[in-house]
$ cat upload36.tsv   # TSV, C-alpha atoms and all ligand atoms
chain	number	residue	atom	x	y	z
A	253	MET	CA	5.78	17.68	6.79
A	254	ARG	CA	3.33	14.78	6.50
A	255	LYS	CA	3.84	11.94	8.94
A	256	VAL	CA	4.01	8.57	7.20
A	257	LEU	CA	2.65	5.35	8.73
A	258	ILE	CA	3.67	2.01	7.26
A	259	ILE	CA	1.19	-0.73	8.10
A	260	PHE	CA	3.39	-3.76	7.48
A	261	ALA	CA	2.23	-7.36	7.05
A	262	HIS	CA	4.60	-10.28	6.42
A	263	PRO	CA	3.90	-13.57	8.23
A	264	ALA	CA	7.48	-14.87	8.00
A	265	LEU	CA	9.81	-11.90	8.19
A	266	GLU	CA	12.72	-14.18	9.12
A	267	ARG	CA	12.52	-15.70	5.61
A	268	SER	CA	11.93	-12.42	3.80
A	269	ARG	CA	14.58	-10.89	1.56
A	270	VAL	CA	12.79	-8.03	-0.11
A	271	ASN	CA	10.32	-6.76	2.48
A	272	ARG	CA	12.98	-6.98	5.11
A	273	ALA	CA	15.26	-4.71	3.03
A	274	LEU	CA	12.40	-2.27	2.36
A	275	ILE	CA	11.45	-2.12	6.03
A	276	GLU	CA	15.05	-1.62	7.11
A	277	ALA	CA	15.37	1.23	4.61
A	278	ALA	CA	12.20	2.84	5.94
A	279	ALA	CA	12.85	2.34	9.63
A	280	GLY	CA	15.48	5.04	10.04
A	281	VAL	CA	13.64	7.80	8.19
A	282	GLU	CA	12.50	10.68	10.37
A	283	GLY	CA	8.75	11.14	10.27
A	284	VAL	CA	8.15	7.54	9.13
A	285	ARG	CA	6.72	5.00	11.56
A	286	VAL	CA	6.78	1.27	10.82
A	287	HIS	CA	3.99	-0.73	12.43
A	288	ASP	CA	4.45	-4.50	12.04
A	289	LEU	CA	1.04	-6.19	12.36
A	290	TYR	CA	2.26	-9.80	12.71
A	291	GLN	CA	4.70	-8.71	15.41
A	292	ALA	CA	2.09	-6.67	17.28
A	293	TYR	CA	-0.73	-9.20	16.94
A	294	PRO	CA	0.55	-12.79	16.65
A	295	ASP	CA	-2.95	-13.95	17.67
A	296	PHE	CA	-4.74	-11.56	15.28
A	297	ASP	CA	-6.21	-9.84	18.34
A	298	ILE	CA	-6.11	-6.33	16.93
A	299	ASP	CA	-6.37	-3.35	19.29
A	300	VAL	CA	-8.86	-1.27	17.30
A	301	PRO	CA	-8.74	1.98	19.35
A	302	PHE	CA	-4.93	1.93	19.22
A	303	GLU	CA	-4.93	1.40	15.45
A	304	GLN	CA	-7.46	4.17	14.91
A	305	ARG	CA	-5.42	6.63	17.00
A	306	LEU	CA	-2.31	5.68	15.03
A	307	LEU	CA	-4.07	6.35	11.74
A	308	GLU	CA	-5.46	9.65	12.99
A	309	ALA	CA	-1.93	10.81	13.85
A	310	HIS	CA	-0.53	10.28	10.32
A	311	GLY	CA	-1.15	11.92	6.96
A	312	VAL	CA	0.11	9.14	4.69
A	313	VAL	CA	-0.76	5.46	5.14
A	314	VAL	CA	1.37	2.91	3.29
A	315	LEU	CA	0.17	-0.69	3.26
A	316	GLN	CA	3.37	-2.71	2.79
A	317	HIS	CA	3.13	-6.44	2.13
A	318	PRO	CA	4.14	-9.29	-0.15
A	319	PHE	CA	1.54	-10.06	-2.82
A	320	PHE	CA	-0.17	-13.25	-1.62
A	321	TRP	CA	-2.81	-14.83	-3.86
A	322	TYR	CA	-3.19	-11.54	-5.73
A	323	SER	CA	-3.88	-9.76	-2.48
A	324	ALA	CA	-2.33	-9.32	0.97
A	325	PRO	CA	-1.45	-11.64	3.87
A	326	ALA	CA	-4.47	-12.43	6.03
A	327	ILE	CA	-3.77	-10.09	8.93
A	328	LEU	CA	-4.12	-7.05	6.70
A	329	LYS	CA	-7.67	-8.10	5.83
A	330	GLN	CA	-8.42	-8.66	9.50
A	331	TRP	CA	-7.02	-5.18	10.21
A	332	GLN	CA	-9.27	-3.64	7.54
A	333	ASP	CA	-12.32	-5.55	8.73
A	334	LEU	CA	-11.91	-4.42	12.34
A	335	VAL	CA	-10.25	-1.00	12.17
A	336	LEU	CA	-12.17	0.64	9.31
A	337	GLU	CA	-15.38	0.98	11.28
A	338	HIS	CA	-18.61	2.54	10.08
A	339	GLY	CA	-19.00	5.96	11.67
A	340	TRP	CA	-15.23	6.33	11.94
A	341	ALA	CA	-13.72	5.45	8.55
A	342	TYR	CA	-16.83	5.72	6.37
A	343	GLY	CA	-20.53	6.50	6.54
A	344	HIS	CA	-22.16	9.81	7.33
A	345	ALA	CA	-20.06	10.67	10.39
A	346	GLY	CA	-17.07	8.58	9.40
A	347	THR	CA	-14.47	11.08	8.28
A	348	ALA	CA	-11.35	10.12	10.27
A	349	LEU	CA	-9.36	9.15	7.18
A	350	LYS	CA	-10.66	11.81	4.83
A	351	GLY	CA	-7.89	13.55	2.87
A	352	LYS	CA	-5.13	11.19	4.01
A	353	TRP	CA	-2.96	9.71	1.26
A	354	THR	CA	-2.62	5.97	0.81
A	355	LEU	CA	-0.83	3.44	-1.35
A	356	ASN	CA	0.23	-0.20	-1.35
A	357	ALA	CA	3.94	-1.05	-1.34
A	358	ILE	CA	4.10	-4.62	-2.57
A	359	THR	CA	6.57	-7.30	-3.57
A	360	ALA	CA	5.51	-9.91	-6.11
A	361	GLY	CA	7.10	-13.17	-7.19
A	362	GLY	CA	5.70	-12.64	-10.69
A	363	GLY	CA	7.58	-10.48	-13.17
A	364	GLU	CA	6.03	-7.33	-14.61
A	365	ASP	CA	5.35	-9.02	-17.97
A	366	SER	CA	3.28	-11.71	-16.27
A	367	TYR	CA	0.87	-9.03	-14.99
A	368	ARG	CA	-0.59	-8.22	-18.39
A	369	ARG	CA	-3.72	-9.24	-20.25
A	370	GLU	CA	-1.70	-11.72	-22.32
A	371	GLY	CA	0.62	-12.69	-19.43
A	372	GLY	CA	0.41	-15.62	-17.04
A	373	ASN	CA	-1.44	-13.65	-14.36
A	374	ARG	CA	-3.98	-12.19	-16.84
A	375	PHE	CA	-4.60	-8.97	-14.90
A	376	GLU	CA	-2.50	-5.91	-14.20
A	377	ILE	CA	-1.39	-5.30	-10.62
A	378	GLY	CA	-3.44	-2.08	-10.52
A	379	GLU	CA	-6.57	-4.01	-11.48
A	380	LEU	CA	-5.91	-6.63	-8.81
A	381	LEU	CA	-5.51	-3.90	-6.19
A	382	ALA	CA	-9.02	-2.59	-6.96
A	383	PRO	CA	-10.44	-3.62	-3.53
A	384	PHE	CA	-7.77	-1.50	-1.82
A	385	GLU	CA	-8.45	1.43	-4.12
A	386	ALA	CA	-12.22	1.17	-3.63
A	387	THR	CA	-11.75	0.96	0.15
A	388	ALA	CA	-9.55	4.05	0.14
A	389	ARG	CA	-12.07	5.98	-1.93
A	390	LEU	CA	-14.98	4.95	0.30
A	391	CYS	CA	-12.99	6.36	3.22
A	392	GLY	CA	-12.34	9.62	1.37
A	393	MET	CA	-8.61	8.93	1.07
A	394	ILE	CA	-6.36	10.03	-1.78
A	395	TRP	CA	-5.26	6.91	-3.63
A	396	LEU	CA	-1.85	6.63	-5.24
A	397	PRO	CA	-0.57	3.91	-7.58
A	398	PRO	CA	1.47	1.23	-5.82
A	399	PHE	CA	5.21	0.91	-5.30
A	400	VAL	CA	5.91	-2.56	-6.72
A	401	VAL	CA	8.97	-4.81	-6.65
A	402	HIS	CA	8.49	-7.53	-9.27
A	403	GLY	CA	10.20	-10.87	-9.79
A	404	THR	CA	11.41	-11.13	-6.21
A	405	HIS	CA	12.84	-14.66	-6.54
A	406	ARG	CA	15.26	-13.59	-9.26
A	407	LEU	CA	16.59	-10.44	-7.58
A	408	GLY	CA	20.22	-10.22	-6.50
A	409	ASP	CA	21.35	-8.32	-3.41
A	410	ALA	CA	22.36	-5.22	-5.39
A	411	GLU	CA	18.95	-5.04	-7.06
A	412	ILE	CA	17.19	-5.41	-3.71
A	413	ASP	CA	19.37	-2.62	-2.29
A	414	ALA	CA	18.42	-0.41	-5.23
A	415	HIS	CA	14.70	-1.02	-4.61
A	416	ALA	CA	15.19	-0.27	-0.92
A	417	GLY	CA	16.86	3.01	-1.82
A	418	ASP	CA	13.96	3.91	-4.13
A	419	TYR	CA	11.48	3.10	-1.37
A	420	ARG	CA	13.34	5.34	1.06
A	421	ARG	CA	13.37	8.18	-1.47
A	422	LEU	CA	9.64	7.78	-2.09
A	423	LEU	CA	8.85	7.84	1.63
A	424	ILE	CA	10.91	10.99	2.09
A	425	GLY	CA	9.15	12.55	-0.91
A	426	LEU	CA	5.73	11.67	0.49
A	427	ARG	CA	6.74	13.06	3.88
A	428	ASP	CA	8.05	16.29	2.39
A	429	GLY	CA	5.10	16.89	0.03
A	430	ALA	CA	7.23	16.36	-3.09
A	431	VAL	CA	4.67	14.08	-4.76
A	432	ASP	CA	1.87	15.47	-6.93
A	433	ALA	CA	-0.91	12.88	-6.54
A	434	ALA	CA	-2.67	13.69	-9.81
A	435	ALA	CA	0.58	13.53	-11.79
A	436	ALA	CA	1.65	10.33	-10.02
A	437	ARG	CA	-1.50	8.58	-11.26
A	438	ARG	CA	-0.07	8.66	-14.78
A	439	TRP	CA	2.13	5.71	-13.85
A	440	PRO	CA	0.89	2.19	-13.09
A	441	ARG	CA	3.47	1.98	-10.31
A	442	LEU	CA	5.29	4.84	-8.63
A	443	ASN	CA	8.76	3.32	-9.05
A	444	MET	CA	8.36	3.07	-12.84
A	445	ASP	CA	9.73	6.64	-13.03
A	446	LEU	CA	10.45	7.67	-9.47
A	447	ALA	CA	12.39	10.79	-10.43
A	448	ALA	CA	9.34	12.12	-12.30
A	449	VAL	CA	6.99	11.17	-9.45
A	450	LEU	CA	9.26	13.09	-7.07
A	451	GLY	CA	9.09	16.16	-9.25
A	452	GLY	CA	12.14	15.56	-11.45
B	1	LIG	C1	1.13	-17.87	0.18
B	1	LIG	C2	1.84	-17.16	-0.94
B	1	LIG	C3	1.10	-16.61	-1.98
B	1	LIG	C4	1.75	-15.93	-3.00
B	1	LIG	N1	0.99	-15.39	-4.01
B	1	LIG	C5	1.60	-14.67	-4.99
B	1	LIG	C6	0.83	-14.04	-5.99
B	1	LIG	O1	-0.41	-14.09	-6.02
B	1	LIG	N2	1.48	-13.34	-6.95
B	1	LIG	C7	2.85	-13.21	-6.96
B	1	LIG	O2	3.38	-12.54	-7.88
B	1	LIG	N3	3.61	-13.80	-6.01
B	1	LIG	C8	3.02	-14.51	-5.02
B	1	LIG	N4	3.78	-15.09	-4.03
B	1	LIG	C9	5.23	-14.82	-3.98
B	1	LIG	C10	5.52	-13.68	-2.98
B	1	LIG	O3	4.88	-12.49	-3.39
B	1	LIG	C11	7.00	-13.45	-2.83
B	1	LIG	O4	7.55	-14.62	-2.31
B	1	LIG	C12	7.31	-12.30	-1.91
B	1	LIG	O5	6.85	-11.08	-2.45
B	1	LIG	C13	8.81	-12.19	-1.67
B	1	LIG	O6	9.04	-11.14	-0.72
B	1	LIG	P1	9.90	-11.42	0.62
B	1	LIG	O7	11.33	-11.65	0.18
B	1	LIG	O8	9.76	-10.18	1.43
B	1	LIG	O9	9.30	-12.61	1.29
B	1	LIG	C14	3.16	-15.80	-3.00
B	1	LIG	C15	3.90	-16.38	-1.97
B	1	LIG	C16	3.26	-17.04	-0.94
B	1	LIG	C17	4.07	-17.67	0.16
$ encode --input "upload36.tsv" --output "structure tokens" --more "lines below"
Ligand SMILES: Cc1cc2nc3c(=O)[nH]c(=O)nc-3n(C[C@H](O)[C@H](O)[C@H](O)COP(=O)(O)O)c2cc1C
Amino acid sequence: MRKVLIIFAHPALERSRVNRALIEAAAGVEGVRVHDLYQAYPDFDIDVPFEQRLLEAHGVVVLQHPFFWYSAPAILKQWQDLVLEHGWAYGHAGTALKGKWTLNAITAGGGEDSYRREGGNRFEIGELLAPFEATARLCGMIWLPPFVVHGTHRLGDAEIDAHAGDYRRLLIGLRDGAVDAAAARRWPRLNMDLAAVLGG
């Protein structure tokens, strides 16, 4: 069993529909720990040793957040800037994260069609996540395509519930070693064909 850590960043959880449902679906899963950065650090005063110990204790690191300006809410950047230290996360002696799996779990207001070359957002989500992928690779982590919920503003409750169920299944699959990382990279997002990603 691989322990799964969700590093969660949403600055206004009380107004969230989709992330709230995803987090609630994840919270009860054995072997999955949800760590809410805005709740833990309302002043952005991140406890670096605590965060590093938390990462060391888990095999899968999920960065869950709404897509904000084609990236993540600010606290996640602050977390990266402070926690991913030279000599710990990267550099000659920095091997603490080596071999751990990582992915982004994101919600986006824009529909999937808008994230195409000819669409309103011009770039694909995977391209826009390049800084996260490059960071993971620098730290020797195994990068997976994201779990993405598109078109959040148009989703009804039943659709949100379905996405939450998919997220729960993915987390259980990651925990239980049911995901083949190389095969999963065939999809631009893991929930495009979750059954295949989870080994049929
Ligand atoms: C400051 C801000 C920036 C946003 N930037 C984007 C964006 O770049 N692309 C996008 O598709 N949606 C964007 N959105 C929409 C959010 O992604 C969307 O509201 C969120 O994923 C909904 O999830 P929630 O119900 O958990 O809040 C943005 C929203 C806010 C408030």
$ axis_aligned_box --input "upload36.tsv" --around "ligand LIG 1 (chain B)" --padding-each-side "6 Å" --output "AutoDock Vina command-line options"
--center_x 5.5 --center_y -14.0 --center_z -3.2 --size_x 23.7 --size_y 19.7 --size_z 21.3
$ closest_residue --input "upload36.tsv" --among "A:Val400, A:Ala360, A:Leu336, A:Ala430" --to "Leu307 in chain A" --atoms "all atoms listed in the file"
A:Leu336
$ residues_around --input "upload36.tsv" --residues "Asp365 in chain A" --least-positions-apart "4" --cutoff "12 Å" --atoms "all atoms listed in the file" --output "list of chain:residue names"
A:Ala360, A:Gly361, A:Arg369, A:Glu370, A:Gly371, A:Gly372, A:Asn373, A:Arg374, A:Phe375, A:Glu376, A:Ile377, A:His402, A:Gly403
$ residues_near_ligand --input "upload36.tsv" --ligand "ligand LIG 1 (chain B)" --cutoff "10 Å" --atoms "all atoms listed in the file" --output "tab-separated table (two decimals) with C-alpha atoms, in the coordinates of the input"
chain	number	residue	atom	x	y	z
A	261	ALA	CA	2.23	-7.36	7.05
A	262	HIS	CA	4.60	-10.28	6.42
A	263	PRO	CA	3.90	-13.57	8.23
A	264	ALA	CA	7.48	-14.87	8.00
A	265	LEU	CA	9.81	-11.90	8.19
A	266	GLU	CA	12.72	-14.18	9.12
A	267	ARG	CA	12.52	-15.70	5.61
A	268	SER	CA	11.93	-12.42	3.80
A	269	ARG	CA	14.58	-10.89	1.56
A	270	VAL	CA	12.79	-8.03	-0.11
A	271	ASN	CA	10.32	-6.76	2.48
A	272	ARG	CA	12.98	-6.98	5.11
A	273	ALA	CA	15.26	-4.71	3.03
A	274	LEU	CA	12.40	-2.27	2.36
A	275	ILE	CA	11.45	-2.12	6.03
A	316	GLN	CA	3.37	-2.71	2.79
A	317	HIS	CA	3.13	-6.44	2.13
A	318	PRO	CA	4.14	-9.29	-0.15
A	319	PHE	CA	1.54	-10.06	-2.82
A	320	PHE	CA	-0.17	-13.25	-1.62
A	321	TRP	CA	-2.81	-14.83	-3.86
A	322	TYR	CA	-3.19	-11.54	-5.73
A	323	SER	CA	-3.88	-9.76	-2.48
A	324	ALA	CA	-2.33	-9.32	0.97
A	325	PRO	CA	-1.45	-11.64	3.87
A	326	ALA	CA	-4.47	-12.43	6.03
A	358	ILE	CA	4.10	-4.62	-2.57
A	359	THR	CA	6.57	-7.30	-3.57
A	360	ALA	CA	5.51	-9.91	-6.11
A	361	GLY	CA	7.10	-13.17	-7.19
A	362	GLY	CA	5.70	-12.64	-10.69
A	363	GLY	CA	7.58	-10.48	-13.17
A	364	GLU	CA	6.03	-7.33	-14.61
A	366	SER	CA	3.28	-11.71	-16.27
A	367	TYR	CA	0.87	-9.03	-14.99
A	373	ASN	CA	-1.44	-13.65	-14.36
A	377	ILE	CA	-1.39	-5.30	-10.62
A	380	LEU	CA	-5.91	-6.63	-8.81
A	400	VAL	CA	5.91	-2.56	-6.72
A	401	VAL	CA	8.97	-4.81	-6.65
A	402	HIS	CA	8.49	-7.53	-9.27
A	403	GLY	CA	10.20	-10.87	-9.79
A	404	THR	CA	11.41	-11.13	-6.21
A	405	HIS	CA	12.84	-14.66	-6.54
A	407	LEU	CA	16.59	-10.44	-7.58
A	412	ILE	CA	17.19	-5.41	-3.71
$ residues_around --input "upload36.tsv" --residues "range 276-289 of chain A" --least-positions-apart "6" --cutoff "10 Å" --atoms "all atoms listed in the file" --output "PDB file with C-alpha atoms, in the frame of the given file"
ATOM      1  CA  MET A 253       5.780  17.680   6.790  1.00  0.00           C
ATOM      2  CA  ARG A 254       3.330  14.780   6.500  1.00  0.00           C
ATOM      3  CA  LYS A 255       3.840  11.940   8.940  1.00  0.00           C
ATOM      4  CA  VAL A 256       4.010   8.570   7.200  1.00  0.00           C
ATOM      5  CA  LEU A 257       2.650   5.350   8.730  1.00  0.00           C
ATOM      6  CA  ILE A 258       3.670   2.010   7.260  1.00  0.00           C
ATOM      7  CA  ILE A 259       1.190  -0.730   8.100  1.00  0.00           C
ATOM      8  CA  PHE A 260       3.390  -3.760   7.480  1.00  0.00           C
ATOM      9  CA  ALA A 261       2.230  -7.360   7.050  1.00  0.00           C
ATOM     10  CA  HIS A 262       4.600 -10.280   6.420  1.00  0.00           C
ATOM     11  CA  PRO A 263       3.900 -13.570   8.230  1.00  0.00           C
ATOM     12  CA  LEU A 265       9.810 -11.900   8.190  1.00  0.00           C
ATOM     13  CA  VAL A 270      12.790  -8.030  -0.110  1.00  0.00           C
ATOM     14  CA  PHE A 296      -4.740 -11.560  15.280  1.00  0.00           C
ATOM     15  CA  ILE A 298      -6.110  -6.330  16.930  1.00  0.00           C
ATOM     16  CA  GLU A 303      -4.930   1.400  15.450  1.00  0.00           C
ATOM     17  CA  LEU A 306      -2.310   5.680  15.030  1.00  0.00           C
ATOM     18  CA  HIS A 310      -0.530  10.280  10.320  1.00  0.00           C
ATOM     19  CA  VAL A 312       0.110   9.140   4.690  1.00  0.00           C
ATOM     20  CA  VAL A 313      -0.760   5.460   5.140  1.00  0.00           C
ATOM     21  CA  VAL A 314       1.370   2.910   3.290  1.00  0.00           C
ATOM     22  CA  LEU A 315       0.170  -0.690   3.260  1.00  0.00           C
ATOM     23  CA  GLN A 316       3.370  -2.710   2.790  1.00  0.00           C
ATOM     24  CA  ILE A 327      -3.770 -10.090   8.930  1.00  0.00           C
ATOM     25  CA  LEU A 328      -4.120  -7.050   6.700  1.00  0.00           C
ATOM     26  CA  TRP A 331      -7.020  -5.180  10.210  1.00  0.00           C
ATOM     27  CA  ASP A 413      19.370  -2.620  -2.290  1.00  0.00           C
ATOM     28  CA  HIS A 415      14.700  -1.020  -4.610  1.00  0.00           C
ATOM     29  CA  ALA A 416      15.190  -0.270  -0.920  1.00  0.00           C
ATOM     30  CA  GLY A 417      16.860   3.010  -1.820  1.00  0.00           C
ATOM     31  CA  ASP A 418      13.960   3.910  -4.130  1.00  0.00           C
ATOM     32  CA  TYR A 419      11.480   3.100  -1.370  1.00  0.00           C
ATOM     33  CA  ARG A 420      13.340   5.340   1.060  1.00  0.00           C
ATOM     34  CA  ARG A 421      13.370   8.180  -1.470  1.00  0.00           C
ATOM     35  CA  LEU A 422       9.640   7.780  -2.090  1.00  0.00           C
ATOM     36  CA  LEU A 423       8.850   7.840   1.630  1.00  0.00           C
ATOM     37  CA  ILE A 424      10.910  10.990   2.090  1.00  0.00           C
ATOM     38  CA  LEU A 426       5.730  11.670   0.490  1.00  0.00           C
ATOM     39  CA  ARG A 427       6.740  13.060   3.880  1.00  0.00           C
ATOM     40  CA  ASP A 428       8.050  16.290   2.390  1.00  0.00           C
TER      41      ASP A 428
END
$ closest_residue --input "upload36.tsv" --among "A:Phe302, A:Trp340, A:Trp395, A:Tyr290" --to "Gly378 in chain A" --atoms "all atoms listed in the file"
A:Trp395
$ closest_residue --input "upload36.tsv" --among "A:Leu381, A:Leu334, A:Ala414, A:Leu390" --to "Pro440 in chain A" --atoms "only C-alpha atoms"
A:Leu381
$ closest_atom_pairs --input "upload36.tsv" --of "range 422-448 of chain A" --to "range 349-357 of chain A" --cutoff "10 Å" --atoms "all atoms listed in the file" --output "tab-separated table"
residue	atom	partner	partner_atom	distance
A:Leu426	CA	A:Trp353	CA	8.9
A:Ala433	CA	A:Trp353	CA	8.7
A:Arg441	CA	A:Ala357	CA	9.5
A:Leu442	CA	A:Ala357	CA	9.5
$ build_atoms --input "upload36.tsv" --residues "range 297-306 of chain A" --atoms "all heavy atoms" --output "PDB file, in the coordinates of the input"
ATOM      1  N   ASP A 297      -5.315 -10.516  17.408  1.00  0.00           N
ATOM      2  CA  ASP A 297      -6.210  -9.840  18.340  1.00  0.00           C
ATOM      3  C   ASP A 297      -5.930  -8.336  18.273  1.00  0.00           C
ATOM      4  O   ASP A 297      -5.240  -7.771  19.123  1.00  0.00           O
ATOM      5  CB  ASP A 297      -5.947 -10.410  19.751  1.00  0.00           C
ATOM      6  CG  ASP A 297      -6.985  -9.949  20.742  1.00  0.00           C
ATOM      7  OD1 ASP A 297      -7.990  -9.345  20.305  1.00  0.00           O
ATOM      8  OD2 ASP A 297      -6.772 -10.189  21.951  1.00  0.00           O
ATOM      9  N   ILE A 298      -6.484  -7.708  17.264  1.00  0.00           N
ATOM     10  CA  ILE A 298      -6.110  -6.330  16.930  1.00  0.00           C
ATOM     11  C   ILE A 298      -6.748  -5.317  17.891  1.00  0.00           C
ATOM     12  O   ILE A 298      -7.947  -5.392  18.189  1.00  0.00           O
ATOM     13  CB  ILE A 298      -6.485  -6.054  15.463  1.00  0.00           C
ATOM     14  CG1 ILE A 298      -5.514  -6.835  14.561  1.00  0.00           C
ATOM     15  CG2 ILE A 298      -6.454  -4.562  15.132  1.00  0.00           C
ATOM     16  CD1 ILE A 298      -5.829  -6.833  13.105  1.00  0.00           C
ATOM     17  N   ASP A 299      -5.920  -4.401  18.369  1.00  0.00           N
ATOM     18  CA  ASP A 299      -6.370  -3.350  19.290  1.00  0.00           C
ATOM     19  C   ASP A 299      -6.929  -2.196  18.441  1.00  0.00           C
ATOM     20  O   ASP A 299      -6.198  -1.318  17.977  1.00  0.00           O
ATOM     21  CB  ASP A 299      -5.164  -2.896  20.133  1.00  0.00           C
ATOM     22  CG  ASP A 299      -5.519  -1.808  21.146  1.00  0.00           C
ATOM     23  OD1 ASP A 299      -6.591  -1.190  21.010  1.00  0.00           O
ATOM     24  OD2 ASP A 299      -4.701  -1.581  22.058  1.00  0.00           O
ATOM     25  N   VAL A 300      -8.228  -2.211  18.241  1.00  0.00           N
ATOM     26  CA  VAL A 300      -8.860  -1.270  17.300  1.00  0.00           C
ATOM     27  C   VAL A 300      -8.678   0.194  17.726  1.00  0.00           C
ATOM     28  O   VAL A 300      -8.273   1.025  16.903  1.00  0.00           O
ATOM     29  CB  VAL A 300     -10.344  -1.643  17.097  1.00  0.00           C
ATOM     30  CG1 VAL A 300     -11.069  -0.585  16.274  1.00  0.00           C
ATOM     31  CG2 VAL A 300     -10.433  -3.006  16.410  1.00  0.00           C
ATOM     32  N   PRO A 301      -8.944   0.570  18.984  1.00  0.00           N
ATOM     33  CA  PRO A 301      -8.740   1.980  19.350  1.00  0.00           C
ATOM     34  C   PRO A 301      -7.304   2.447  19.131  1.00  0.00           C
ATOM     35  O   PRO A 301      -7.070   3.558  18.664  1.00  0.00           O
ATOM     36  CB  PRO A 301      -9.104   2.025  20.846  1.00  0.00           C
ATOM     37  CG  PRO A 301     -10.005   0.847  21.039  1.00  0.00           C
ATOM     38  CD  PRO A 301      -9.519  -0.207  20.092  1.00  0.00           C
ATOM     39  N   PHE A 302      -6.331   1.565  19.436  1.00  0.00           N
ATOM     40  CA  PHE A 302      -4.930   1.930  19.220  1.00  0.00           C
ATOM     41  C   PHE A 302      -4.661   2.168  17.735  1.00  0.00           C
ATOM     42  O   PHE A 302      -4.034   3.159  17.346  1.00  0.00           O
ATOM     43  CB  PHE A 302      -3.998   0.830  19.749  1.00  0.00           C
ATOM     44  CG  PHE A 302      -2.548   1.068  19.431  1.00  0.00           C
ATOM     45  CD1 PHE A 302      -1.793   1.936  20.209  1.00  0.00           C
ATOM     46  CD2 PHE A 302      -1.946   0.459  18.334  1.00  0.00           C
ATOM     47  CE1 PHE A 302      -0.451   2.188  19.893  1.00  0.00           C
ATOM     48  CE2 PHE A 302      -0.615   0.708  18.013  1.00  0.00           C
ATOM     49  CZ  PHE A 302       0.138   1.569  18.798  1.00  0.00           C
ATOM     50  N   GLU A 303      -5.155   1.268  16.893  1.00  0.00           N
ATOM     51  CA  GLU A 303      -4.930   1.400  15.450  1.00  0.00           C
ATOM     52  C   GLU A 303      -5.588   2.664  14.901  1.00  0.00           C
ATOM     53  O   GLU A 303      -5.035   3.346  14.035  1.00  0.00           O
ATOM     54  CB  GLU A 303      -5.476   0.157  14.714  1.00  0.00           C
ATOM     55  CG  GLU A 303      -4.763  -1.140  15.053  1.00  0.00           C
ATOM     56  CD  GLU A 303      -3.289  -1.138  14.656  1.00  0.00           C
ATOM     57  OE1 GLU A 303      -2.972  -0.643  13.563  1.00  0.00           O
ATOM     58  OE2 GLU A 303      -2.461  -1.616  15.454  1.00  0.00           O
ATOM     59  N   GLN A 304      -6.769   2.971  15.402  1.00  0.00           N
ATOM     60  CA  GLN A 304      -7.460   4.170  14.910  1.00  0.00           C
ATOM     61  C   GLN A 304      -6.712   5.440  15.327  1.00  0.00           C
ATOM     62  O   GLN A 304      -6.575   6.373  14.534  1.00  0.00           O
ATOM     63  CB  GLN A 304      -8.906   4.176  15.408  1.00  0.00           C
ATOM     64  CG  GLN A 304      -9.731   3.058  14.754  1.00  0.00           C
ATOM     65  CD  GLN A 304     -11.171   3.033  15.202  1.00  0.00           C
ATOM     66  OE1 GLN A 304     -11.535   3.615  16.227  1.00  0.00           O
ATOM     67  NE2 GLN A 304     -12.010   2.315  14.462  1.00  0.00           N
ATOM     68  N   ARG A 305      -6.200   5.456  16.554  1.00  0.00           N
ATOM     69  CA  ARG A 305      -5.420   6.630  17.000  1.00  0.00           C
ATOM     70  C   ARG A 305      -4.159   6.800  16.161  1.00  0.00           C
ATOM     71  O   ARG A 305      -3.776   7.908  15.800  1.00  0.00           O
ATOM     72  CB  ARG A 305      -5.067   6.497  18.484  1.00  0.00           C
ATOM     73  CG  ARG A 305      -6.214   6.837  19.433  1.00  0.00           C
ATOM     74  CD  ARG A 305      -5.692   7.119  20.830  1.00  0.00           C
ATOM     75  NE  ARG A 305      -4.884   6.031  21.355  1.00  0.00           N
ATOM     76  CZ  ARG A 305      -5.378   4.949  21.954  1.00  0.00           C
ATOM     77  NH1 ARG A 305      -6.688   4.808  22.109  1.00  0.00           N
ATOM     78  NH2 ARG A 305      -4.580   4.008  22.422  1.00  0.00           N
ATOM     79  N   LEU A 306      -3.529   5.650  15.852  1.00  0.00           N
ATOM     80  CA  LEU A 306      -2.310   5.680  15.030  1.00  0.00           C
ATOM     81  C   LEU A 306      -2.621   6.279  13.650  1.00  0.00           C
ATOM     82  O   LEU A 306      -1.887   7.147  13.157  1.00  0.00           O
ATOM     83  CB  LEU A 306      -1.796   4.242  14.892  1.00  0.00           C
ATOM     84  CG  LEU A 306      -0.318   3.997  14.637  1.00  0.00           C
ATOM     85  CD1 LEU A 306       0.546   4.705  15.659  1.00  0.00           C
ATOM     86  CD2 LEU A 306      -0.048   2.495  14.653  1.00  0.00           C
TER      87      LEU A 306
END
